[in-house]
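Remarks on the structure that follows.
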Amino acid sequence: MATQIVQPEFGRRLRRLRIERGMSQRDLAVGVVNQSYISLLEKGSRVPTLDVVNHLSEVLGVPVDELAGVETGFAPPPAAPGVSGTELARELIVSSAVDQGDLSRAEQVLTGALQEARRDGQPAAMLSHGLALERIMDQRNDRSGRYELLNELVTVAERAGVPEALVRTRIALAAAARDVGRLTEAFTHIEQAQAEIAETAFVGGSEHVRLHAVHISILSDAGGGAEVTRIVDRMVAMAADVKSLTISGRAHWVASIAMARIGEVERSLEHLRSAREMLAHPTTSLRDWARFSIAAVSALMDADVELSEITSRMEAARAAMAAAETAATPSAAASLEVRYAVAVGEPERALEIAATVDETDLSGIEQVRFVLAVGRAQRRCGRTAEAAASLRRAAQLAEAAAAYRRASQIWREVTELG
C-alpha cells in the first residue's frame, strides 16, 4: 500500500477531508500516530503505511480507496482470483475463533497463512500473518515458539524496509526474549527499537507507550534502578496524552510492578489503584484482567508489603484466573501459590504445591522467583542443606538471565545460611 499512494496528492486530500469535517490534526492522531506525523503527511513529506491509512479512513469516516486516491486515478493492482475472498475468510475464522476462546484454531489458520506467504515469497503477508500469530502465541503462553517466530519476522521486517513493521517486530521480540530469560538480548532489541521509532508514525502513540512498558519490564527483571523511575514517569505521561483509559491503565499496571520491585511500595500502590480504576470496565477482557491481577499480587509479594494487602490481591487473582483459563499456565498459577504460601507462613504447604510445578513451563524470571520461594520454604522447614542448594540455583538462574542485582540479593541469603 505504501508504494501505491501518491504524494503530495494524498496529503492534499487528507487535509481537505479533515477540514471539511472540522477536525484538527490532533483529532486524526488519536493515539495511533502523533500530530507532527499528520502534518508531514499533509505536506506530502511522508508516505503512509496501510495501517495508518486504515486508521485515518476510520477516523474520517471514508472508504480506504477514497482516502488512498481512487477518485484521482489511483487504482491498486488487481488481486489474483479468489485472493481477497480467501483472506476475508481467514480473518473471519481467526476473529471468530478468538472470540470463542478457540486459540488453537486461530493459531492453526494463521500458521497455514504464514506458511503460504513464506512459500510464495511475500514479505508483507509474512509480517501481517506472523505478527497476528505471535499475539495468539503470547495468549497461549507459547514463549519459545513466539520467540523463534519473531526472530524470523525481524529479519523479514529489516528487508521489507517499512520502519513501522520493523519497530513493531523489535518491540515484540524484546518482550519474547525477556520471557525466555534472554535479558541481554532483550535489551539489545529494545534499544534498537528506541533508536528507530523516531522515524515512524508511532512517536507519542500507543506503540511508543508499549515500547516504554517493555523496556521497564526488562529493567525490572534485571534488578531495576534509578533509570526505571525516569522511564515510568515518561511512560505514564505519554499514556495520558494518548487519552485512552485502556492504555493509561496498562501503563499504571506496568508502573506498579516496576515500583514494587525497586522497593517504592507507596508509589506501587498508587499506580496499582490507578490501574485498577482504569481497567475495571467492560472493554477489558477477562484474560487481561486476570493477567493484571496476577502481576499485581506478584509485584506486592516482591515488595514484601502488608500481608493483608497481598491476601486481598491474591483472592482477586484466584477469581480472575478461574474466569480466564488462558491467563496463566497451571505451573505459573501453582508457582504463584507457592510464593503466597511462603508469604503467609505455610512452608510445608508451599513445598507440597511446588512438587506439582513443571519448571520448564515458567518464564526465566518466574523460574527464579519459584526456586527462590522453594529455597525459603525449605529453610523455614529446617531443611538447611536443601535450602542452600535451592538458593544457589536461584542465584545462578538469575545470573544466567542477566538479572545480576537480583542474583546478588539471593547470594546474600545463601551466605546467611552459612
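The chains in the C-alpha cells are called A, B, ... from first to last as shown; in each chain the residues are counted from 1, and the ligands are counted from 1 in the order shown.
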- prompt: Could you name the residues that touch Gly345 (chain A) at 10 Å or less, counting only C-alpha atoms, but leaving out those on the same chain fewer than 4 positions away, as an NGL selection string?
  reply: :A and (340-341 or 349-350 or 377 or 380)
Within 12 Å of Glu191 (chain A) using only C-alpha atoms, minus same-chain residues under 6 positions, as an NGL selection string: :A and (167 or 170-171 or 173-174 or 184-185 or 197 or 211-212 or 214-216 or 218-219)
Report as a Markdown table: every residue of region 108-199 of chain A with an atom at most 6 Å from region 353-372 of chain A, its closest pair of atoms, and their distance in Å to one decimal, counting only C-alpha atoms, with rows sorted by chain and ascending residue number.
| residue | atom | partner | partner_atom | distance |
| --- | --- | --- | --- | --- |
| A:Asp179 | CA | A:Ser363 | CA | 5.2 |
| A:Val180 | CA | A:Gly364 | CA | 5.4 |
| A:Gly181 | CA | A:Gly364 | CA | 4.0 |
message: If we count only C-alpha atoms and set the cut-off at 9 Å, which residues sit around Leu17 (chain A), ignoring sequence neighbours fewer than 6 positions away in its own chain? Please answer as a ChimeraX atom specification.
response: /A:23,60,62,67
query: Which polymer residues have any atom within 10 Å of an atom of region 381-396 of chain A, counting only C-alpha atoms, with same-chain residues fewer than 6 positions away left out, as a PyMOL selection string?
result: chain A and resi 346-348+351+365+367-375+402-418
- request: Would you kindly return, as a PyMOL selection string, each protein, DNA or RNA residue with an atom no farther than 12 Å from any atom of Leu279 (chain A), considering only C-alpha atoms and excluding same-chain residues fewer than 4 positions away?
  value: chain A and resi 244-253+271-275+283-293
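Near Leu103 (chain A), within 12 Å and counting only C-alpha atoms, sit Ile93, Val94, Ser95, Ser96, Ala97, Val98, Asp99, Glu107, Gln108, Val109, Leu110, Thr111, Ala132, Leu133, Glu134, Arg135, Ile136, Met137, Asp138, Gln139, Arg140, Asn141, Asp142, Glu325 and Thr326 of chain A, not including residues fewer than 4 positions from it in the same chain.
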Those residues you just picked out, can you put them in a file as a compact mmCIF listing (two decimals), in the first residue's frame with N, CA and C atoms?
# COMPACT_ATOMS: atom_id res chain seq x y z
N ILE A 93 -12.51 -16.38 10.24
CA ILE A 93 -12.30 -17.61 11.01
C ILE A 93 -11.46 -17.31 12.25
N VAL A 94 -10.37 -16.55 12.06
CA VAL A 94 -9.49 -16.22 13.19
C VAL A 94 -10.25 -15.37 14.21
N SER A 95 -10.97 -14.36 13.73
CA SER A 95 -11.73 -13.49 14.64
C SER A 95 -12.76 -14.28 15.43
N SER A 96 -13.48 -15.17 14.74
CA SER A 96 -14.48 -15.99 15.42
C SER A 96 -13.84 -16.91 16.44
N ALA A 97 -12.71 -17.52 16.05
CA ALA A 97 -12.03 -18.45 16.95
C ALA A 97 -11.56 -17.74 18.21
N VAL A 98 -11.01 -16.53 18.06
CA VAL A 98 -10.54 -15.77 19.22
C VAL A 98 -11.71 -15.38 20.11
N ASP A 99 -12.80 -14.92 19.48
CA ASP A 99 -13.99 -14.54 20.25
C ASP A 99 -14.53 -15.71 21.07
N GLU A 107 -4.59 -20.20 15.83
CA GLU A 107 -3.18 -20.44 15.55
C GLU A 107 -3.00 -21.33 14.32
N GLN A 108 -3.86 -22.32 14.19
CA GLN A 108 -3.77 -23.23 13.04
C GLN A 108 -3.98 -22.47 11.73
N VAL A 109 -5.00 -21.62 11.67
CA VAL A 109 -5.30 -20.87 10.45
C VAL A 109 -4.17 -19.90 10.12
N LEU A 110 -3.69 -19.17 11.11
CA LEU A 110 -2.63 -18.20 10.88
C LEU A 110 -1.31 -18.88 10.50
N THR A 111 -1.04 -20.04 11.08
CA THR A 111 0.17 -20.78 10.73
C THR A 111 0.13 -21.19 9.26
N ALA A 132 0.19 -11.34 13.67
CA ALA A 132 -1.09 -11.79 14.25
C ALA A 132 -0.88 -13.10 14.99
N LEU A 133 -0.06 -13.97 14.43
CA LEU A 133 0.21 -15.27 15.04
C LEU A 133 0.97 -15.13 16.36
N GLU A 134 1.92 -14.20 16.40
CA GLU A 134 2.70 -14.08 17.65
C GLU A 134 1.82 -13.61 18.80
N ARG A 135 0.79 -12.82 18.49
CA ARG A 135 -0.13 -12.40 19.56
C ARG A 135 -0.92 -13.58 20.10
N ILE A 136 -1.31 -14.48 19.20
CA ILE A 136 -2.02 -15.69 19.64
C ILE A 136 -1.09 -16.56 20.48
N MET A 137 0.16 -16.70 20.04
CA MET A 137 1.14 -17.49 20.79
C MET A 137 1.37 -16.91 22.18
N ASP A 138 1.36 -15.57 22.26
CA ASP A 138 1.51 -14.91 23.56
C ASP A 138 0.34 -15.27 24.47
N GLN A 139 -0.86 -15.24 23.92
CA GLN A 139 -2.04 -15.59 24.71
C GLN A 139 -2.01 -17.05 25.15
N ARG A 140 -1.42 -17.91 24.33
CA ARG A 140 -1.34 -19.34 24.66
C ARG A 140 -0.12 -19.67 25.53
N ASN A 141 0.65 -18.63 25.88
CA ASN A 141 1.85 -18.82 26.71
C ASN A 141 2.90 -19.70 26.03
N ASP A 142 2.95 -19.66 24.70
CA ASP A 142 3.96 -20.41 23.95
C ASP A 142 5.18 -19.50 23.79
N GLU A 325 -9.22 -18.97 31.81
CA GLU A 325 -8.35 -20.13 31.91
C GLU A 325 -7.00 -19.94 31.23
N THR A 326 -6.94 -19.10 30.18
CA THR A 326 -5.68 -18.95 29.44
C THR A 326 -4.77 -17.87 30.01
Within 12 Å of region 299-311 of chain A, which residues of region 152-238 of chain A show up? Give each one with its shortest atom-to-atom distance in Å (one decimal) and the two atoms involved, counting only C-alpha atoms, rows by chain then rising residue number, as a tab-separated table.
residue	atom	partner	partner_atom	distance
A:Ser217	CA	A:Ala299	CA	11.6
A:Ser220	CA	A:Ala299	CA	10.5
A:Asp221	CA	A:Ala299	CA	11.2
A:Gly223	CA	A:Asp302	CA	11.5
Save the residues we just selected, C-alpha atoms, as a compact mmCIF listing (two decimals), in the first residue's frame?
# COMPACT_ATOMS: atom_id res chain seq x y z
CA SER A 217 9.75 -4.76 32.42
CA SER A 220 12.74 -4.60 36.41
CA ASP A 221 13.57 -8.24 35.72
CA GLY A 223 17.05 -5.65 39.03
- request: Report the distance between CA of Arg318 (chain A) and CA of Ala398 (chain A) in Å, rounded to one decimal place.
  value: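 If I compute the distance from CA of Arg318 (chain A) to CA of Ala398 (chain A), I get 27.2 Å.
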Residue neighbourhood region 148-151 of chain A, 7 Å, only C-alpha atoms, exclusion window fewer than 3 positions, as a PyMOL selection string: chain A and resi 144-145+154-155+169+173
field: DSSP helix (DSSP H, G or I) residues within region 139-266 of chain A, as JSON, numbers by chain
entry: {"A": [139, 143, 144, 145, 146, 147, 148, 149, 150, 151, 152, 153, 154, 155, 156, 157, 158, 159, 160, 163, 164, 165, 166, 167, 168, 169, 170, 171, 172, 173, 174, 175, 176, 177, 178, 179, 183, 184, 185, 186, 187, 188, 189, 190, 191, 192, 193, 194, 195, 196, 197, 198, 199, 206, 207, 208, 209, 210, 211, 212, 213, 214, 215, 216, 217, 218, 219, 220, 221, 222, 226, 227, 228, 229, 230, 231, 232, 233, 234, 235, 236, 237, 238, 239, 240, 241, 242, 245, 246, 247, 248, 249, 250, 251, 252, 253, 254, 255, 256, 257, 258, 259, 260, 261, 265, 266]}
